[in-house]
$ cat model-v4.pdb   # PDB, C-alpha atoms and all ligand atoms
ATOM      1  CA  MET A 219      65.817 -74.534 -48.128
ATOM      2  CA  GLY A 220      64.386 -77.521 -46.227
ATOM      3  CA  ASN A 221      60.748 -78.538 -46.327
ATOM      4  CA  HIS A 222      60.148 -77.416 -42.740
ATOM      5  CA  ALA A 223      61.612 -73.980 -43.377
ATOM      6  CA  ARG A 224      59.501 -73.561 -46.516
ATOM      7  CA  ALA A 225      56.350 -74.602 -44.648
ATOM      8  CA  VAL A 226      57.118 -72.121 -41.844
ATOM      9  CA  TRP A 227      57.651 -69.377 -44.425
ATOM     10  CA  GLU A 228      54.302 -70.177 -46.052
ATOM     11  CA  SER A 229      52.604 -69.829 -42.643
ATOM     12  CA  VAL A 230      54.318 -66.473 -42.038
ATOM     13  CA  GLN A 231      53.079 -65.259 -45.414
ATOM     14  CA  LYS A 232      49.558 -66.366 -44.518
ATOM     15  CA  VAL A 233      49.721 -64.355 -41.277
ATOM     16  CA  ARG A 234      50.995 -61.285 -43.108
ATOM     17  CA  ALA A 235      48.337 -61.567 -45.821
ATOM     18  CA  GLY A 236      45.451 -62.474 -43.517
ATOM     19  CA  LYS A 237      46.322 -60.255 -40.497
ATOM     20  CA  PRO A 238      44.377 -62.527 -38.112
ATOM     21  CA  LEU A 239      42.699 -60.667 -35.246
ATOM     22  CA  VAL A 240      44.026 -62.275 -32.061
ATOM     23  CA  HIS A 241      41.906 -61.706 -28.951
ATOM     24  CA  ASN A 242      44.117 -61.760 -25.837
ATOM     25  CA  ILE A 243      43.040 -62.011 -22.225
ATOM     26  CA  THR A 244      46.536 -61.699 -20.863
ATOM     27  CA  ASN A 245      48.532 -60.379 -17.934
ATOM     28  CA  TYR A 246      49.509 -56.818 -17.040
ATOM     29  CA  VAL A 247      53.229 -57.630 -17.364
ATOM     30  CA  VAL A 248      53.145 -58.578 -21.043
ATOM     31  CA  MET A 249      50.205 -56.777 -22.649
ATOM     32  CA  ASN A 250      52.487 -54.342 -24.450
ATOM     33  CA  THR A 251      55.163 -56.926 -25.280
ATOM     34  CA  THR A 252      52.775 -59.413 -26.833
ATOM     35  CA  ALA A 253      50.715 -56.802 -28.695
ATOM     36  CA  ASN A 254      53.913 -55.487 -30.284
ATOM     37  CA  ALA A 255      55.173 -58.969 -31.145
ATOM     38  CA  LEU A 256      51.886 -59.761 -32.902
ATOM     39  CA  LEU A 257      52.010 -56.481 -34.810
ATOM     40  CA  SER A 258      55.653 -57.005 -35.772
ATOM     41  CA  LEU A 259      54.827 -60.423 -37.182
ATOM     42  CA  GLY A 260      51.852 -59.035 -39.142
ATOM     43  CA  ALA A 261      48.877 -60.101 -37.011
ATOM     44  CA  ALA A 262      46.331 -57.799 -35.347
ATOM     45  CA  PRO A 263      46.258 -57.905 -31.527
ATOM     46  CA  ALA A 264      43.464 -56.807 -29.202
ATOM     47  CA  MET A 265      43.655 -56.978 -25.416
ATOM     48  CA  VAL A 266      40.053 -57.325 -24.234
ATOM     49  CA  HIS A 267      39.209 -58.684 -20.799
ATOM     50  CA  ALA A 268      35.940 -57.216 -19.452
ATOM     51  CA  ALA A 269      33.450 -60.017 -18.769
ATOM     52  CA  GLU A 270      30.770 -57.758 -20.266
ATOM     53  CA  GLU A 271      32.367 -57.798 -23.724
ATOM     54  CA  VAL A 272      34.658 -60.821 -24.153
ATOM     55  CA  GLU A 273      31.938 -63.029 -25.646
ATOM     56  CA  ASP A 274      31.110 -60.376 -28.249
ATOM     57  CA  PHE A 275      34.751 -59.749 -29.033
ATOM     58  CA  VAL A 276      35.753 -63.367 -29.511
ATOM     59  CA  ALA A 277      32.967 -63.641 -32.089
ATOM     60  CA  ILE A 278      34.832 -61.245 -34.392
ATOM     61  CA  ALA A 279      38.339 -62.611 -33.633
ATOM     62  CA  SER A 280      40.246 -65.251 -35.586
ATOM     63  CA  SER A 281      41.612 -66.819 -32.405
ATOM     64  CA  LEU A 282      41.873 -66.327 -28.647
ATOM     65  CA  VAL A 283      44.769 -66.453 -26.166
ATOM     66  CA  ILE A 284      44.018 -66.885 -22.447
ATOM     67  CA  ASN A 285      46.982 -66.251 -20.147
ATOM     68  CA  ILE A 286      46.527 -66.502 -16.363
ATOM     69  CA  GLY A 287      49.644 -64.494 -15.411
ATOM     70  CA  THR A 288      47.962 -61.861 -13.221
ATOM     71  CA  LEU A 289      44.707 -63.463 -12.105
ATOM     72  CA  SER A 290      41.857 -61.847 -10.201
ATOM     73  CA  SER A 291      38.224 -62.830  -9.744
ATOM     74  CA  PRO A 292      36.634 -60.696 -12.495
ATOM     75  CA  TRP A 293      39.232 -61.917 -14.979
ATOM     76  CA  ILE A 294      38.612 -65.549 -14.053
ATOM     77  CA  THR A 295      34.915 -65.040 -14.847
ATOM     78  CA  ALA A 296      35.817 -63.436 -18.170
ATOM     79  CA  MET A 297      38.264 -66.223 -19.055
ATOM     80  CA  ARG A 298      35.698 -68.965 -18.444
ATOM     81  CA  LEU A 299      32.940 -67.181 -20.354
ATOM     82  CA  CYS A 300      35.222 -66.416 -23.267
ATOM     83  CA  ALA A 301      36.739 -69.895 -23.526
ATOM     84  CA  SER A 302      33.287 -71.487 -23.578
ATOM     85  CA  ARG A 303      32.049 -69.025 -26.212
ATOM     86  CA  ALA A 304      35.153 -69.667 -28.335
ATOM     87  CA  ASN A 305      34.330 -73.371 -28.354
ATOM     88  CA  GLU A 306      30.670 -72.705 -29.269
ATOM     89  CA  LEU A 307      31.866 -70.552 -32.160
ATOM     90  CA  ASP A 308      34.581 -73.050 -33.190
ATOM     91  CA  LYS A 309      37.323 -70.471 -32.682
ATOM     92  CA  PRO A 310      40.754 -71.904 -31.837
ATOM     93  CA  TRP A 311      42.213 -70.829 -28.508
ATOM     94  CA  VAL A 312      45.457 -71.095 -26.572
ATOM     95  CA  LEU A 313      45.822 -71.572 -22.816
ATOM     96  CA  ASP A 314      48.991 -70.244 -21.159
ATOM     97  CA  PRO A 315      48.802 -71.474 -17.541
ATOM     98  CA  VAL A 316      51.450 -69.099 -16.161
ATOM     99  CA  GLY A 317      52.753 -70.315 -12.792
ATOM    100  CA  VAL A 318      50.290 -73.221 -12.491
ATOM    101  CA  GLY A 319      51.339 -75.240  -9.452
ATOM    102  CA  ALA A 320      52.677 -72.183  -7.606
ATOM    103  CA  THR A 321      49.382 -71.520  -5.794
ATOM    104  CA  PRO A 322      46.096 -73.414  -5.388
ATOM    105  CA  LEU A 323      44.253 -70.625  -7.260
ATOM    106  CA  ARG A 324      46.472 -70.961 -10.343
ATOM    107  CA  THR A 325      46.131 -74.734 -10.301
ATOM    108  CA  ARG A 326      42.356 -74.652  -9.884
ATOM    109  CA  VAL A 327      41.802 -72.066 -12.625
ATOM    110  CA  SER A 328      44.210 -73.786 -15.028
ATOM    111  CA  ASP A 329      42.473 -77.133 -14.509
ATOM    112  CA  GLN A 330      39.060 -75.555 -15.084
ATOM    113  CA  LEU A 331      40.173 -73.785 -18.253
ATOM    114  CA  ALA A 332      41.883 -76.927 -19.562
ATOM    115  CA  GLN A 333      38.639 -78.822 -19.009
ATOM    116  CA  ILE A 334      36.745 -76.318 -21.170
ATOM    117  CA  GLY A 335      38.945 -77.528 -24.023
ATOM    118  CA  PRO A 336      41.719 -75.339 -25.439
ATOM    119  CA  THR A 337      43.076 -75.992 -28.919
ATOM    120  CA  VAL A 338      46.666 -75.593 -27.690
ATOM    121  CA  ILE A 339      48.246 -75.436 -24.239
ATOM    122  CA  ARG A 340      51.632 -73.612 -24.296
ATOM    123  CA  ALA A 341      53.675 -73.793 -21.116
ATOM    124  CA  ASN A 342      57.189 -74.251 -19.779
ATOM    125  CA  ALA A 343      58.298 -77.611 -18.377
ATOM    126  CA  SER A 344      57.456 -76.881 -14.726
ATOM    127  CA  GLU A 345      53.975 -75.755 -15.740
ATOM    128  CA  VAL A 346      53.380 -78.853 -17.864
ATOM    129  CA  LEU A 347      54.481 -81.056 -14.957
ATOM    130  CA  ALA A 348      52.147 -79.201 -12.585
ATOM    131  CA  LEU A 349      49.177 -79.304 -14.972
ATOM    132  CA  ALA A 350      49.726 -83.002 -15.541
ATOM    133  CA  ALA A 351      49.969 -83.370 -11.738
ATOM    134  CA  VAL A 352      53.297 -85.148 -12.125
ATOM    135  CA  ASN A 353      55.111 -83.083  -9.540
ATOM    136  CA  ALA A 354      53.095 -80.468  -7.709
ATOM    137  CA  LYS A 355      56.280 -78.946  -6.268
ATOM    138  CA  ALA A 356      57.938 -78.369  -9.639
ATOM    139  CA  THR A 357      56.813 -74.750 -10.054
ATOM    140  CA  ARG A 358      58.481 -72.097  -7.951
ATOM    141  CA  GLY A 359      57.137 -69.079  -9.806
ATOM    142  CA  VAL A 360      56.611 -68.244 -13.444
ATOM    143  CA  ASP A 361      59.958 -69.622 -14.702
ATOM    144  CA  SER A 362      60.767 -73.294 -15.232
ATOM    145  CA  THR A 363      63.018 -75.223 -12.888
ATOM    146  CA  GLU A 364      63.101 -78.189 -15.276
ATOM    147  CA  PRO A 365      64.410 -78.755 -18.819
ATOM    148  CA  SER A 366      61.743 -79.244 -21.496
ATOM    149  CA  GLN A 367      62.811 -82.884 -22.023
ATOM    150  CA  ALA A 368      61.558 -83.678 -18.507
ATOM    151  CA  ALA A 369      58.013 -82.792 -19.579
ATOM    152  CA  ILE A 370      57.727 -84.696 -22.879
ATOM    153  CA  GLU A 371      55.748 -87.653 -21.553
ATOM    154  CA  PRO A 372      53.549 -85.511 -19.257
ATOM    155  CA  ALA A 373      52.868 -83.267 -22.282
ATOM    156  CA  ARG A 374      51.727 -86.299 -24.289
ATOM    157  CA  GLN A 375      49.445 -87.330 -21.422
ATOM    158  CA  LEU A 376      48.007 -83.813 -21.155
ATOM    159  CA  ALA A 377      47.368 -83.706 -24.894
ATOM    160  CA  GLN A 378      45.518 -87.008 -24.691
ATOM    161  CA  THR A 379      43.534 -86.014 -21.590
ATOM    162  CA  TYR A 380      42.357 -82.693 -23.002
ATOM    163  CA  LYS A 381      42.393 -83.718 -26.694
ATOM    164  CA  CYS A 382      44.541 -80.746 -27.599
ATOM    165  CA  VAL A 383      48.047 -79.870 -28.735
ATOM    166  CA  VAL A 384      50.609 -79.199 -26.001
ATOM    167  CA  VAL A 385      53.762 -77.107 -26.435
ATOM    168  CA  VAL A 386      56.559 -77.371 -23.863
ATOM    169  CA  SER A 387      58.981 -74.492 -24.360
ATOM    170  CA  GLY A 388      62.649 -74.430 -23.392
ATOM    171  CA  ALA A 389      66.059 -74.862 -25.029
ATOM    172  CA  VAL A 390      64.249 -77.325 -27.296
ATOM    173  CA  ASP A 391      60.547 -76.669 -27.813
ATOM    174  CA  TYR A 392      58.391 -79.798 -28.005
ATOM    175  CA  VAL A 393      54.977 -79.906 -29.662
ATOM    176  CA  THR A 394      52.686 -82.917 -29.353
ATOM    177  CA  ASP A 395      49.103 -83.879 -30.099
ATOM    178  CA  GLY A 396      49.425 -86.879 -27.792
ATOM    179  CA  ASP A 397      50.684 -89.052 -30.625
ATOM    180  CA  LYS A 398      53.084 -87.151 -32.891
ATOM    181  CA  LEU A 399      56.004 -85.285 -31.320
ATOM    182  CA  LEU A 400      57.961 -82.445 -32.966
ATOM    183  CA  GLY A 401      61.055 -80.762 -31.543
ATOM    184  CA  ILE A 402      62.370 -77.319 -32.492
ATOM    185  CA  ARG A 403      65.917 -76.389 -31.547
ATOM    186  CA  ASN A 404      66.018 -72.631 -32.072
ATOM    187  CA  GLY A 405      66.197 -69.679 -29.698
ATOM    188  CA  HIS A 406      68.892 -68.383 -27.332
ATOM    189  CA  PRO A 407      69.436 -68.672 -23.546
ATOM    190  CA  MET A 408      69.267 -64.856 -23.260
ATOM    191  CA  MET A 409      65.533 -65.191 -24.017
ATOM    192  CA  THR A 410      64.998 -66.427 -20.446
ATOM    193  CA  ARG A 411      66.260 -63.060 -19.157
ATOM    194  CA  VAL A 412      63.439 -61.047 -20.733
ATOM    195  CA  THR A 413      60.014 -61.366 -19.128
ATOM    196  CA  GLY A 414      57.114 -62.359 -21.295
ATOM    197  CA  LEU A 415      58.728 -64.367 -24.063
ATOM    198  CA  GLY A 416      56.763 -67.457 -23.085
ATOM    199  CA  CYS A 417      53.631 -65.304 -23.220
ATOM    200  CA  THR A 418      54.858 -64.060 -26.607
ATOM    201  CA  ALA A 419      55.178 -67.667 -27.752
ATOM    202  CA  SER A 420      51.553 -68.273 -26.728
ATOM    203  CA  ALA A 421      50.411 -65.111 -28.524
ATOM    204  CA  LEU A 422      52.215 -66.154 -31.716
ATOM    205  CA  VAL A 423      50.605 -69.607 -31.491
ATOM    206  CA  GLY A 424      47.312 -67.680 -31.452
ATOM    207  CA  ALA A 425      48.288 -65.819 -34.625
ATOM    208  CA  PHE A 426      49.219 -69.002 -36.497
ATOM    209  CA  LEU A 427      46.021 -70.728 -35.310
ATOM    210  CA  GLY A 428      44.193 -67.926 -37.095
ATOM    211  CA  VAL A 429      45.604 -69.031 -40.461
ATOM    212  CA  GLU A 430      46.573 -72.712 -40.108
ATOM    213  CA  PRO A 431      43.800 -75.283 -39.653
ATOM    214  CA  ASP A 432      46.087 -77.938 -38.115
ATOM    215  CA  PRO A 433      46.950 -76.878 -34.526
ATOM    216  CA  LEU A 434      50.090 -79.060 -34.464
ATOM    217  CA  VAL A 435      51.393 -77.172 -37.512
ATOM    218  CA  ALA A 436      50.309 -73.771 -36.151
ATOM    219  CA  ALA A 437      52.022 -74.367 -32.810
ATOM    220  CA  ALA A 438      55.239 -75.755 -34.312
ATOM    221  CA  HIS A 439      55.510 -72.902 -36.810
ATOM    222  CA  ALA A 440      54.923 -70.290 -34.120
ATOM    223  CA  MET A 441      57.686 -71.766 -31.954
ATOM    224  CA  ALA A 442      60.062 -71.963 -34.918
ATOM    225  CA  VAL A 443      59.408 -68.310 -35.797
ATOM    226  CA  LEU A 444      59.957 -67.079 -32.246
ATOM    227  CA  GLY A 445      63.070 -69.239 -31.908
ATOM    228  CA  VAL A 446      64.633 -67.944 -35.124
ATOM    229  CA  ALA A 447      63.725 -64.316 -34.343
ATOM    230  CA  GLY A 448      65.048 -64.757 -30.801
ATOM    231  CA  GLU A 449      68.414 -66.086 -31.909
ATOM    232  CA  ILE A 450      68.847 -63.357 -34.521
ATOM    233  CA  ALA A 451      67.885 -60.742 -31.931
ATOM    234  CA  ALA A 452      70.332 -62.182 -29.384
ATOM    235  CA  GLU A 453      73.173 -62.016 -31.910
ATOM    236  CA  ARG A 454      72.453 -58.284 -32.356
ATOM    237  CA  SER A 455      72.100 -57.566 -28.616
ATOM    238  CA  GLN A 456      74.438 -56.897 -25.718
ATOM    239  CA  GLY A 457      71.843 -57.871 -23.146
ATOM    240  CA  PRO A 458      68.140 -58.339 -22.391
ATOM    241  CA  GLY A 459      67.187 -54.678 -22.935
ATOM    242  CA  SER A 460      68.232 -54.609 -26.552
ATOM    243  CA  LEU A 461      67.055 -58.205 -27.043
ATOM    244  CA  GLN A 462      63.504 -57.086 -26.359
ATOM    245  CA  MET A 463      63.756 -54.364 -28.989
ATOM    246  CA  ASN A 464      65.697 -56.437 -31.518
ATOM    247  CA  LEU A 465      63.172 -59.269 -31.240
ATOM    248  CA  LEU A 466      60.434 -57.010 -32.610
ATOM    249  CA  ASP A 467      62.690 -55.964 -35.495
ATOM    250  CA  ALA A 468      63.610 -59.596 -36.218
ATOM    251  CA  LEU A 469      59.933 -60.631 -36.335
ATOM    252  CA  TYR A 470      59.226 -57.730 -38.699
ATOM    253  CA  GLN A 471      62.207 -58.539 -40.947
ATOM    254  CA  LEU A 472      61.691 -62.335 -41.114
ATOM    255  CA  ASP A 473      62.065 -63.583 -44.654
ATOM    256  CA  GLU A 474      62.489 -66.850 -46.496
ATOM    257  CA  ALA A 475      66.304 -66.797 -46.300
ATOM    258  CA  THR A 476      66.315 -66.153 -42.544
ATOM    259  CA  LEU A 477      64.000 -69.090 -41.946
ATOM    260  CA  ALA A 478      66.684 -71.449 -43.278
ATOM    261  CA  ARG A 479      67.789 -71.377 -39.616
ATOM    262  CA  VAL A 480      64.717 -73.390 -38.593
ATOM    263  CA  ARG A 481      65.895 -76.601 -36.915
ATOM    264  CA  PHE A 482      63.304 -79.299 -36.417
ATOM    265  CA  VAL A 483      64.748 -82.275 -34.523
TER     266      VAL A 483
HETATM  267  N1  LIG A 501      67.810 -72.201 -22.941
HETATM  268  C1  LIG A 501      67.167 -71.741 -24.010
HETATM  269  N2  LIG A 501      67.769 -71.734 -25.222
HETATM  270  C2  LIG A 501      67.120 -71.289 -26.316
HETATM  271  N3  LIG A 501      65.857 -70.811 -26.296
HETATM  272  C3  LIG A 501      65.192 -70.797 -25.132
HETATM  273  C4  LIG A 501      65.800 -71.274 -23.919
HETATM  274  N4  LIG A 501      64.894 -71.166 -22.931
HETATM  275  C5  LIG A 501      63.782 -70.633 -23.476
HETATM  276  N5  LIG A 501      63.948 -70.418 -24.801
HETATM  277  C6  LIG A 501      62.955 -69.842 -25.723
HETATM  278  O1  LIG A 501      62.346 -68.751 -25.054
HETATM  279  C7  LIG A 501      60.945 -68.671 -25.368
HETATM  280  C8  LIG A 501      60.143 -68.659 -24.084
HETATM  281  O2  LIG A 501      60.182 -69.953 -23.510
HETATM  282  P1  LIG A 501      60.218 -70.213 -21.948
HETATM  283  O3  LIG A 501      61.305 -69.409 -21.311
HETATM  284  O4  LIG A 501      60.283 -71.690 -21.757
HETATM  285  O5  LIG A 501      58.784 -69.721 -21.518
HETATM  286  P2  LIG A 501      58.289 -69.080 -20.152
HETATM  287  O6  LIG A 501      58.731 -67.642 -20.251
HETATM  288  O7  LIG A 501      56.813 -69.232 -20.183
HETATM  289  O8  LIG A 501      58.949 -69.823 -19.033
HETATM  290  C9  LIG A 501      60.669 -69.848 -26.309
HETATM  291  O9  LIG A 501      60.727 -69.381 -27.634
HETATM  292  C10 LIG A 501      61.829 -70.808 -26.052
HETATM  293  O10 LIG A 501      62.158 -71.573 -27.189
HETATM  294  C1  LIG A 502      56.676 -62.077 -14.306
HETATM  295  C2  LIG A 502      55.240 -62.376 -14.379
HETATM  296  N1  LIG A 502      54.475 -62.382 -13.247
HETATM  297  C3  LIG A 502      53.209 -62.652 -13.485
HETATM  298  S1  LIG A 502      52.870 -62.902 -15.117
HETATM  299  C4  LIG A 502      54.507 -62.647 -15.523
HETATM  300  C5  LIG A 502      54.997 -62.739 -16.914
HETATM  301  C6  LIG A 502      55.475 -64.109 -17.204
HETATM  302  O1  LIG A 502      55.807 -64.189 -18.554
HETATM  303  P1  LIG A 502      56.611 -65.408 -19.187
HETATM  304  O2  LIG A 502      56.028 -66.662 -18.630
HETATM  305  O3  LIG A 502      56.345 -65.276 -20.626
HETATM  306  O4  LIG A 502      58.059 -65.198 -18.848
HETATM  307 MG    MG A 503      55.347 -68.417 -19.061
END
$ encode --input "model-v4.pdb" --output "structure tokens"
Amino acid sequence: MGNHARAVWESVQKVRAGKPLVHNITNYVVMNTTANALLSLGAAPAMVHAAEEVEDFVAIASSLVINIGTLSSPWITAMRLCASRANELDKPWVLDPVGVGATPLRTRVSDQLAQIGPTVIRANASEVLALAAVNAKATRGVDSTEPSQAAIEPARQLAQTYKCVVVVSGAVDYVTDGDKLLGIRNGHPMMTRVTGLGCTASALVGAFLGVEPDPLVAAAHAMAVLGVAGEIAAERSQGPGSLQMNLLDALYQLDEATLARVRFV
């Protein structure tokens, strides 16, 4: 077993032993998907978005995930309050700027949240390009129109601007802190045919941030775990419907031997 695979396995064991409580302010589409993925891995999810309680809830959570997939005004208020409180409390948090660049509202809210200071930004290539203002027309909706390679340099710039770790997902996932760059070549193209697997990636980054102090390590290990579970699930599936189900089983069954598939590049 390689060093990377062993390190990923150690992180998985930490999640299973520690059961980090992951506070999610996420979208209607994926609430169930991401809660189940976190449970299957061994973390404890909670979907809590009322402005009246998010600051209290984040205080008892290990980490926070803010996902702008289905925005509306009360949620925007809650997201801002919660992100600021997370920083005051030194809780790590992930920003998933779903569809940033598609509308002015998404771009404005994503910029504001990024300025508050996330620990990790996890996005697809089009979203990274939009957030870095490289190509405002790159995003057509919530799916990427660009390969992840196209967003490596913009991701580095973003990481430097916001002093955070940036993950660009795709056929190869890239993780950078603005200086170091890691690539993870796991996963399966069928994963793009199930909604919410990017959101799942962001949720898993939240889980690993709850147990790993280095955000570059947490983000890379989360992407490796989802990639390995996704490729195992795809091998057992005839299409996206069973992939969704098999992914939960693969996350639950992950063991040291399975993680030998981890491919850092
Ligand atoms: N072509 C691909 N081959 C293998 N894995 C992929 C591919 N595209 C996406 N993935 C995986 O699917 C998951 C979701 O990534 P992505 O589709 O980029 O996010 P989003 O749903 O936010 O657009 C990640 O784990 C990523 O590695
Ligand atoms: C389809 C859709 N519409 C608004 S949020 C959402 C889910 C997007 O999830 P992901 O980016 O993980 O595919
Ligand atoms: Mg997404």
$ resolve_selection --input "model-v4.pdb" --expression "the PyMOL selection byres (((not hetatm)) within 7 of (chain A and resi 501))" --output "VMD selection string"
chain A and resid 316 341 to 342 360 to 362 387 to 391 404 to 407 409 to 410 413 to 417 419 441 444 to 445
$ residues_around --input "model-v4.pdb" --residues "Ile286 of chain A" --least-positions-apart "2" --cutoff "6 Å" --atoms "only C-alpha atoms" --output "list in words"
Thr288, Leu289, Pro315 and Val316 of chain A
$ closest_residue --input "model-v4.pdb" --among "A:Ile284, A:Val429, A:Ala468, A:Ile402" --to "ligand MG 503 (chain A)" --atoms "all atoms listed in the file"
A:Ile284
$ resolve_selection --input "model-v4.pdb" --expression "the PyMOL selection byres (((chain A and resi 376) around 10) and not hetatm)" --output "ChimeraX atom specification"
/A:332,339,346-347,349-351,370-375,377-384,394-396
$ atom_distance --input "model-v4.pdb" --atom1 "atom CA of Pro238 of chain A" --atom2 "atom CA of Ala261 of chain A"
5.2 Å
$ resolve_selection --input "model-v4.pdb" --expression "the PyMOL selection byres (((chain A and resi 310) around 8) and not hetatm)" --output "list in words"
Ser280, Ser281, Leu282, Ala304, Asn305, Asp308, Lys309, Trp311, Val312, Pro336, Thr337, Gly424, Leu427 and Gly428 of chain A
$ atom_distance --input "model-v4.pdb" --atom1 "atom CA of His439 of chain A" --atom2 "atom CA of Gly236 of chain A"
16.0 Å
$ closest_residue --input "model-v4.pdb" --among "A:Ala369, A:Ala421, A:Val443, A:Ile450" --to "ligand LIG 502 (chain A)" --atoms "all atoms listed in the file"
A:Ala421
$ atom_distance --input "model-v4.pdb" --atom1 "atom CA of Leu461 of chain A" --atom2 "atom CA of Ala368 of chain A"
27.4 Å
$ axis_aligned_box --input "model-v4.pdb" --around "segment 263-276 of chain A" --padding-each-side "5 Å" --output "lines of an AutoDock Vina configuration file"
center_x = 38.5
center_y = -60.1
center_z = -25.1
size_x = 25.5
size_y = 16.6
size_z = 22.8
$ closest_residue --input "model-v4.pdb" --among "A:Leu399, A:Val386, A:Ala436, A:Met265" --to "Val248 of chain A" --atoms "all atoms listed in the file"
A:Met265
$ residues_around --input "model-v4.pdb" --residues "Gly457 of chain A" --least-positions-apart "3" --cutoff "12 Å" --atoms "only C-alpha atoms" --output "list in words"
His406, Pro407, Met408, Met409, Thr410, Arg411, Val412, Ala451, Ala452, Glu453, Arg454, Ser460, Leu461, Gln462, Met463, Asn464 and Leu465 of chain A
$ closest_residue --input "model-v4.pdb" --among "A:Leu313, A:Val247, A:Ala320, A:Val435" --to "Ser344 of chain A" --atoms "all atoms listed in the file"
A:Ala320
$ residues_around --input "model-v4.pdb" --residues "Glu474 of chain A" --least-positions-apart "3" --cutoff "9 Å" --atoms "all atoms listed in the file" --output "PyMOL selection string"
chain A and resi 219+223-224+226-228+477-478
$ write_last_selection --input "model-v4.pdb" --atoms "C-alpha atoms" --output "PDB file, keeping the file's coordinate frame"
ATOM      1  CA  MET A 219      65.817 -74.534 -48.128  1.00  0.00           C
ATOM      2  CA  ALA A 223      61.612 -73.980 -43.377  1.00  0.00           C
ATOM      3  CA  ARG A 224      59.501 -73.561 -46.516  1.00  0.00           C
ATOM      4  CA  VAL A 226      57.118 -72.121 -41.844  1.00  0.00           C
ATOM      5  CA  TRP A 227      57.651 -69.377 -44.425  1.00  0.00           C
ATOM      6  CA  GLU A 228      54.302 -70.177 -46.052  1.00  0.00           C
ATOM      7  CA  LEU A 477      64.000 -69.090 -41.946  1.00  0.00           C
ATOM      8  CA  ALA A 478      66.684 -71.449 -43.278  1.00  0.00           C
TER       9      ALA A 478
END
$ closest_residue --input "model-v4.pdb" --among "A:Thr321, A:Ala279, A:Asn245, A:Ser291" --to "Leu307 of chain A" --atoms "all atoms listed in the file"
A:Ala279
